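Student: Provided herewith: work_2.txt, compact mmCIF, C-alpha atoms.
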# COMPACT_ATOMS: atom_id res chain seq x y z
CA MET A 1 -26.78 89.27 -37.54
CA SER A 2 -28.99 91.50 -35.42
CA ALA A 3 -27.06 92.98 -32.51
CA SER A 4 -27.19 96.29 -30.70
CA PHE A 5 -24.06 98.06 -29.57
CA GLU A 6 -25.78 101.15 -28.19
CA ASP A 7 -23.53 102.96 -25.70
CA LYS A 8 -20.61 100.68 -26.60
CA VAL A 9 -17.22 102.10 -27.59
CA VAL A 10 -15.37 100.14 -30.27
CA VAL A 11 -11.76 100.90 -31.20
CA ILE A 12 -10.66 99.67 -34.63
CA SER A 13 -7.14 99.98 -36.01
CA GLY A 14 -6.68 100.34 -39.76
CA ALA A 15 -10.23 101.67 -39.97
CA SER A 16 -9.87 103.93 -43.00
CA SER A 17 -10.13 101.39 -45.80
CA GLY A 18 -10.83 97.77 -46.67
CA LEU A 19 -11.89 95.44 -43.88
CA GLY A 20 -11.36 98.06 -41.17
CA LEU A 21 -13.70 100.50 -42.89
CA ALA A 22 -16.33 97.81 -43.48
CA THR A 23 -16.10 96.82 -39.82
CA ALA A 24 -16.40 100.43 -38.67
CA ARG A 25 -19.44 100.86 -40.90
CA ARG A 26 -21.07 97.73 -39.46
CA PHE A 27 -20.50 98.77 -35.84
CA CYS A 28 -21.78 102.29 -36.52
CA ALA A 29 -24.94 100.76 -38.01
CA ALA A 30 -25.33 98.69 -34.83
CA GLY A 31 -25.25 101.84 -32.69
CA ALA A 32 -21.66 101.79 -31.42
CA ARG A 33 -19.43 104.80 -30.97
CA VAL A 34 -16.47 103.87 -33.16
CA VAL A 35 -12.96 105.27 -32.83
CA GLY A 36 -10.91 104.54 -35.92
CA LEU A 37 -7.12 104.52 -35.69
CA ASP A 38 -5.16 104.95 -38.91
CA VAL A 39 -2.38 106.95 -40.52
CA ARG A 40 -5.00 108.73 -42.62
CA ALA A 41 -8.71 109.47 -42.35
CA PRO A 42 -11.24 107.57 -44.47
CA ALA A 43 -12.40 109.26 -47.65
CA GLU A 44 -15.92 109.21 -46.22
CA PRO A 45 -16.85 108.60 -42.56
CA PRO A 46 -18.54 105.20 -42.13
CA GLY A 47 -21.19 106.65 -39.85
CA GLU A 48 -22.21 109.62 -37.73
CA SER A 49 -20.88 107.95 -34.57
CA PHE A 50 -17.38 107.53 -36.04
CA ARG A 51 -14.35 109.61 -35.19
CA HIS A 52 -10.85 109.27 -36.55
CA ILE A 53 -7.54 109.50 -34.71
CA GLU A 54 -4.44 109.81 -36.87
CA ILE A 55 -1.82 107.44 -35.47
CA ASN A 56 0.67 104.79 -36.51
CA VAL A 57 0.08 101.80 -34.23
CA ILE A 58 3.77 100.84 -34.17
CA GLY A 59 4.51 103.68 -31.73
CA TYR A 60 4.34 102.24 -28.20
CA GLU A 61 4.19 105.57 -26.34
CA GLN A 62 1.90 107.15 -28.92
CA VAL A 63 -0.55 104.27 -28.64
CA GLY A 64 -0.51 104.58 -24.86
CA ALA A 65 -1.34 108.28 -25.06
CA CYS A 66 -4.06 107.54 -27.62
CA VAL A 67 -5.71 104.92 -25.38
CA ARG A 68 -5.64 107.30 -22.42
CA GLU A 69 -7.28 110.03 -24.53
CA ILE A 70 -10.03 107.65 -25.67
CA LEU A 71 -10.74 106.54 -22.12
CA TYR A 72 -10.86 110.18 -21.00
CA SER A 73 -13.18 111.32 -23.78
CA GLU A 74 -15.36 108.23 -24.20
CA LYS A 75 -15.21 107.04 -20.56
CA SER A 76 -14.79 103.42 -21.66
CA ILE A 77 -13.55 100.99 -24.29
CA ASP A 78 -15.74 97.94 -24.77
CA CYS A 79 -14.26 96.28 -27.86
CA LEU A 80 -10.86 96.38 -29.53
CA VAL A 81 -10.42 95.22 -33.13
CA ASN A 82 -6.79 94.89 -34.23
CA ASN A 83 -7.08 95.15 -37.99
CA ALA A 84 -4.20 97.37 -39.18
CA GLY A 85 -1.94 95.43 -41.51
CA ILE A 86 0.47 95.77 -44.40
CA SER A 87 2.33 93.44 -46.75
CA ARG A 88 5.76 93.63 -48.39
CA ASP A 89 5.97 90.45 -50.46
CA ALA A 90 9.14 88.72 -51.62
CA THR A 91 10.76 85.32 -51.38
CA VAL A 92 12.82 84.99 -48.24
CA TRP A 93 16.12 85.26 -50.13
CA LYS A 94 15.04 88.52 -51.76
CA MET A 95 13.27 90.07 -48.79
CA THR A 96 15.00 93.08 -47.25
CA GLU A 97 15.40 93.59 -43.53
CA ASP A 98 13.37 96.79 -43.81
CA HIS A 99 10.45 94.95 -45.41
CA TRP A 100 10.60 92.22 -42.77
CA ASN A 101 10.64 94.74 -39.92
CA ALA A 102 7.89 96.92 -41.40
CA VAL A 103 5.41 94.04 -41.62
CA ILE A 104 6.22 92.65 -38.18
CA ASP A 105 5.96 96.14 -36.66
CA VAL A 106 2.50 96.92 -38.05
CA ASN A 107 0.95 93.44 -38.05
CA LEU A 108 2.27 92.11 -34.73
CA LYS A 109 3.79 94.88 -32.62
CA GLY A 110 0.81 97.15 -33.36
CA PRO A 111 -1.72 94.72 -31.84
CA PHE A 112 0.60 94.17 -28.86
CA ASN A 113 0.80 97.93 -28.27
CA LEU A 114 -2.97 98.31 -28.26
CA ILE A 115 -3.70 95.21 -26.18
CA HIS A 116 -1.00 96.16 -23.66
CA HIS A 117 -2.46 99.60 -23.09
CA VAL A 118 -6.14 98.57 -23.16
CA ALA A 119 -5.74 95.48 -20.93
CA PRO A 120 -5.57 97.39 -17.61
CA HIS A 121 -8.93 99.00 -18.38
CA PHE A 122 -10.47 95.65 -19.31
CA ARG A 123 -9.10 94.06 -16.14
CA LYS A 124 -10.54 96.82 -13.97
CA ALA A 125 -13.90 96.75 -15.76
CA GLU A 126 -13.92 92.92 -15.68
CA ARG A 127 -15.24 92.78 -19.22
CA GLY A 128 -14.13 93.46 -22.78
CA LYS A 129 -13.80 91.97 -26.24
CA ILE A 130 -10.69 91.73 -28.39
CA VAL A 131 -10.72 90.52 -31.99
CA ASN A 132 -7.44 90.20 -33.87
CA VAL A 133 -7.45 90.03 -37.66
CA SER A 134 -5.10 87.24 -38.70
CA SER A 135 -5.14 85.34 -42.01
CA ILE A 136 -5.38 81.82 -43.35
CA ASN A 137 -1.78 82.39 -44.41
CA GLY A 138 -0.86 82.57 -40.75
CA LEU A 139 -2.16 79.01 -40.50
CA ARG A 140 -0.73 77.49 -43.67
CA GLY A 141 2.03 79.78 -44.97
CA LYS A 142 2.17 81.18 -48.49
CA PHE A 143 4.93 81.45 -51.08
CA GLY A 144 6.56 84.88 -50.98
CA LEU A 145 4.86 85.92 -47.75
CA SER A 146 7.27 84.82 -45.03
CA ASN A 147 7.05 88.15 -43.19
CA TYR A 148 3.26 88.42 -43.52
CA ALA A 149 2.63 84.77 -42.63
CA ALA A 150 4.96 85.00 -39.64
CA SER A 151 3.21 88.12 -38.36
CA LYS A 152 -0.23 86.55 -38.71
CA ALA A 153 0.89 83.27 -37.12
CA GLY A 154 2.37 85.27 -34.25
CA LEU A 155 -0.93 87.09 -33.86
CA ILE A 156 -2.70 83.75 -33.48
CA GLY A 157 -0.25 82.74 -30.74
CA MET A 158 -0.78 86.07 -29.00
CA THR A 159 -4.56 85.67 -29.27
CA LYS A 160 -4.52 82.33 -27.48
CA THR A 161 -2.09 83.52 -24.82
CA VAL A 162 -3.95 86.74 -24.05
CA ALA A 163 -7.23 84.78 -23.93
CA ARG A 164 -5.70 82.74 -21.10
CA GLU A 165 -4.32 85.81 -19.34
CA LEU A 166 -7.50 87.90 -19.48
CA GLY A 167 -10.13 85.17 -19.23
CA ARG A 168 -10.31 85.43 -15.45
CA TYR A 169 -11.33 89.07 -15.88
CA GLY A 170 -14.27 88.27 -18.15
CA VAL A 171 -12.50 89.30 -21.35
CA ASN A 172 -13.00 87.39 -24.60
CA VAL A 173 -10.06 87.30 -27.02
CA ASN A 174 -10.48 85.77 -30.47
CA ALA A 175 -9.12 86.02 -33.99
CA VAL A 176 -10.58 85.90 -37.47
CA ALA A 177 -8.58 84.43 -40.33
CA PRO A 178 -9.88 85.67 -43.68
CA GLY A 179 -8.91 84.26 -47.02
CA LEU A 180 -8.24 86.57 -49.93
CA LEU A 181 -10.22 89.81 -49.67
CA LEU A 182 -10.42 92.27 -52.53
CA THR A 183 -9.29 95.29 -50.49
CA PRO A 184 -6.78 98.06 -51.27
CA LEU A 185 -4.11 95.78 -49.77
CA THR A 186 -4.74 93.11 -52.44
CA ARG A 187 -5.56 95.30 -55.46
CA GLU A 188 -2.00 94.89 -56.71
CA LEU A 189 -2.42 91.14 -57.16
CA THR A 190 -2.43 89.82 -60.70
CA PRO A 191 -5.61 88.34 -62.22
CA ALA A 192 -3.87 84.95 -62.12
CA GLN A 193 -3.33 85.24 -58.36
CA ILE A 194 -6.96 86.19 -57.81
CA ASP A 195 -8.12 83.28 -60.00
CA GLU A 196 -5.90 80.91 -58.02
CA ALA A 197 -7.51 82.02 -54.76
CA LEU A 198 -10.98 81.64 -56.26
CA GLU A 199 -10.17 78.10 -57.41
CA GLU A 200 -9.10 77.23 -53.85
CA THR A 201 -12.53 78.05 -52.43
CA VAL A 202 -15.24 75.42 -52.14
CA LEU A 203 -18.07 77.97 -52.24
CA GLU A 204 -16.69 79.30 -55.54
CA ARG A 205 -16.70 82.92 -54.45
CA LEU A 206 -14.20 85.17 -52.76
CA THR A 207 -14.84 86.56 -49.30
CA THR A 208 -15.92 90.18 -48.97
CA ALA A 209 -14.89 92.60 -46.25
CA GLU A 210 -18.53 92.69 -45.18
CA ASP A 211 -18.51 88.90 -44.66
CA VAL A 212 -15.65 89.21 -42.20
CA ALA A 213 -17.10 92.30 -40.52
CA GLU A 214 -20.21 90.30 -39.62
CA VAL A 215 -18.09 87.67 -37.87
CA ILE A 216 -16.14 90.34 -35.98
CA LEU A 217 -19.45 91.89 -34.86
CA PHE A 218 -20.63 88.47 -33.66
CA LEU A 219 -17.43 87.86 -31.68
CA CYS A 220 -17.87 91.22 -29.96
CA SER A 221 -21.52 90.53 -29.12
CA ASP A 222 -23.04 88.88 -26.06
CA ALA A 223 -23.95 85.90 -28.27
CA ALA A 224 -20.23 84.98 -28.27
CA ARG A 225 -19.72 85.30 -24.51
CA GLN A 226 -18.54 81.67 -24.23
CA ILE A 227 -16.12 81.85 -27.16
CA THR A 228 -12.50 82.75 -26.44
CA GLY A 229 -9.08 81.77 -27.73
CA GLU A 230 -10.57 80.75 -31.07
CA VAL A 231 -9.49 81.42 -34.65
CA ILE A 232 -12.48 81.66 -36.98
CA ARG A 233 -11.67 81.16 -40.65
CA VAL A 234 -13.80 83.28 -42.99
CA ASP A 235 -12.62 82.18 -46.40
CA GLY A 236 -15.31 80.35 -48.35
CA GLY A 237 -13.42 77.11 -47.75
CA GLN A 238 -10.17 78.43 -49.26
CA TYR A 239 -8.06 76.93 -46.44
CA ILE A 240 -9.45 73.40 -46.65
Will you turn the file into structure tokens for me?
Tutor:
Amino acid sequence: MSASFEDKVVVISGASSGLGLATARRFCAAGARVVGLDVRAPAEPPGESFRHIEINVIGYEQVGACVREILYSEKSIDCLVNNAGISRDATVWKMTEDHWNAVIDVNLKGPFNLIHHVAPHFRKAERGKIVNVSSINGLRGKFGLSNYAASKAGLIGMTKTVARELGRYGVNVNAVAPGLLLTPLTRELTPAQIDEALEETVLERLTTAEDVAEVILFLCSDAARQITGEVIRVDGGQYI
């Protein structure tokens, strides 16, 4: 889509690879100043208007300090994209407590930390866009992914709740739910698992990170000003 984000500040968590990097690249191309949050910098910056902040989003106080620094240096935050995510797959009877906690911390507590600390700015500005990256597996569940599916389902619940809480301040809060993306997070899947996902689609092709980035850009644009509390599946029909 054609959209300009000149003079807009977009904060993206998990921006150093996969979907986060593709999203950062798309916003940079649209003219935004992009602040990428991740535990490591991208191998190559996605654009001249990109800057990286090394941070683990599970740290409540660290995220608060990070948001304050961004507001001080950039003077504003216009869009927040909660993309950081990990997986630690196992059946529920084999899953360790550490693997459960790690996924919930990054995938659910991380978005809470960022939304909590950005919300006062959005309320004061009476505008803002939040897009949370969930998953179709947060809608349907998936064998061996109880921690991941729970975190993504929780993120959908948080999306709808925060949309209600911030709507009166002119803030749009939505989620995208991708199907299988061939990102560094999914490179460890077997060919059989990838083939299974492909067979589930009705468009007979897997979704790319760029496909999802376009939808995130749309949800952060003025064209989506009347959309809030929604979960947009971007999966080539994999869910249905």
Student: By how many Å are atom CA of A:Asp7 and atom CA of A:Glu74 apart?
Tutor: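 Going from atom CA of A:Asp7 over to atom CA of A:Glu74 covers 9.8 Å.
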Student: Using all atoms listed in the file, which residue out of A:His99, A:Thr190, A:His121, A:Gly237 lies closest to A:Leu206?
Tutor: A:Gly237
Student: For stretch 163-176 of chain A, list every protein, DNA or RNA residue within 10 Å, evaluated using only C-alpha atoms, and leave out those in the same chain fewer than 4 positions away; present the list as a ChimeraX atom specification.
Tutor: /A:78-83,119-120,122-136,155-159,212-213,215-216,219-220,224-235
Student: Please provide as a list in words all residues within 10 Å of A:Thr183, with the sequence filter that same-chain residues fewer than 4 positions apart are discarded (counting only C-alpha atoms).
Tutor: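 The filter keeps Ser17, Gly18, Leu19, Gly20, Arg187, Glu188, Thr208 and Ala209 of chain A.
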Student: What's around A:Leu203 at 9 Å? Count all atoms listed in the file, leave out sequence neighbours fewer than 5 positions away in its own chain, and write the answer as a PyMOL selection string.
Tutor: chain A and resi 198+236-238
Student: Please compute the atom CA of A:Lys75-atom CA of A:Cys28 distance, one decimal, in Å.
Tutor: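 Calculated distance between atom CA of A:Lys75 and atom CA of A:Cys28 is 17.9 Å.
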Student: Could you check which residues have any atom within 9 Å of (2.2, 85.4, -39.5), counting all atoms listed in the file with coordinates taken straight from the file, and then list them as a ChimeraX atom specification?
Tutor: /A:104,107-108,134-135,137-139,141,145-156
Student: Just give me the gap between atom CA of A:Glu214 and atom CA of A:Pro45 in Å, one decimal is fine.
Tutor: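 Pair atom CA of A:Glu214 / atom CA of A:Pro45 returns 18.8 Å.
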Student: List every protein, DNA or RNA residue that has an atom no more than 12 Å from (-6.1, 111.2, -36.2) in the file's coordinate frame, counting only C-alpha atoms, and report them as a short mmCIF file (atom, residue, chain, number, x, y, z; two decimals) with C-alpha atoms, in the frame of the given file.
Tutor:
data_model
loop_
_atom_site.label_atom_id
_atom_site.label_comp_id
_atom_site.auth_asym_id
_atom_site.auth_seq_id
_atom_site.Cartn_x
_atom_site.Cartn_y
_atom_site.Cartn_z
CA SER A 13 -7.14 99.98 -36.01
CA GLY A 14 -6.68 100.34 -39.76
CA ALA A 15 -10.23 101.67 -39.97
CA SER A 16 -9.87 103.93 -43.00
CA VAL A 35 -12.96 105.27 -32.83
CA GLY A 36 -10.91 104.54 -35.92
CA LEU A 37 -7.12 104.52 -35.69
CA ASP A 38 -5.16 104.95 -38.91
CA VAL A 39 -2.38 106.95 -40.52
CA ARG A 40 -5.00 108.73 -42.62
CA ALA A 41 -8.71 109.47 -42.35
CA PRO A 42 -11.24 107.57 -44.47
CA PHE A 50 -17.38 107.53 -36.04
CA ARG A 51 -14.35 109.61 -35.19
CA HIS A 52 -10.85 109.27 -36.55
CA ILE A 53 -7.54 109.50 -34.71
CA GLU A 54 -4.44 109.81 -36.87
CA ILE A 55 -1.82 107.44 -35.47
CA ASN A 56 0.67 104.79 -36.51
CA VAL A 57 0.08 101.80 -34.23
CA GLN A 62 1.90 107.15 -28.92
CA VAL A 63 -0.55 104.27 -28.64
CA CYS A 66 -4.06 107.54 -27.62
CA GLU A 69 -7.28 110.03 -24.53
CA ILE A 70 -10.03 107.65 -25.67
#
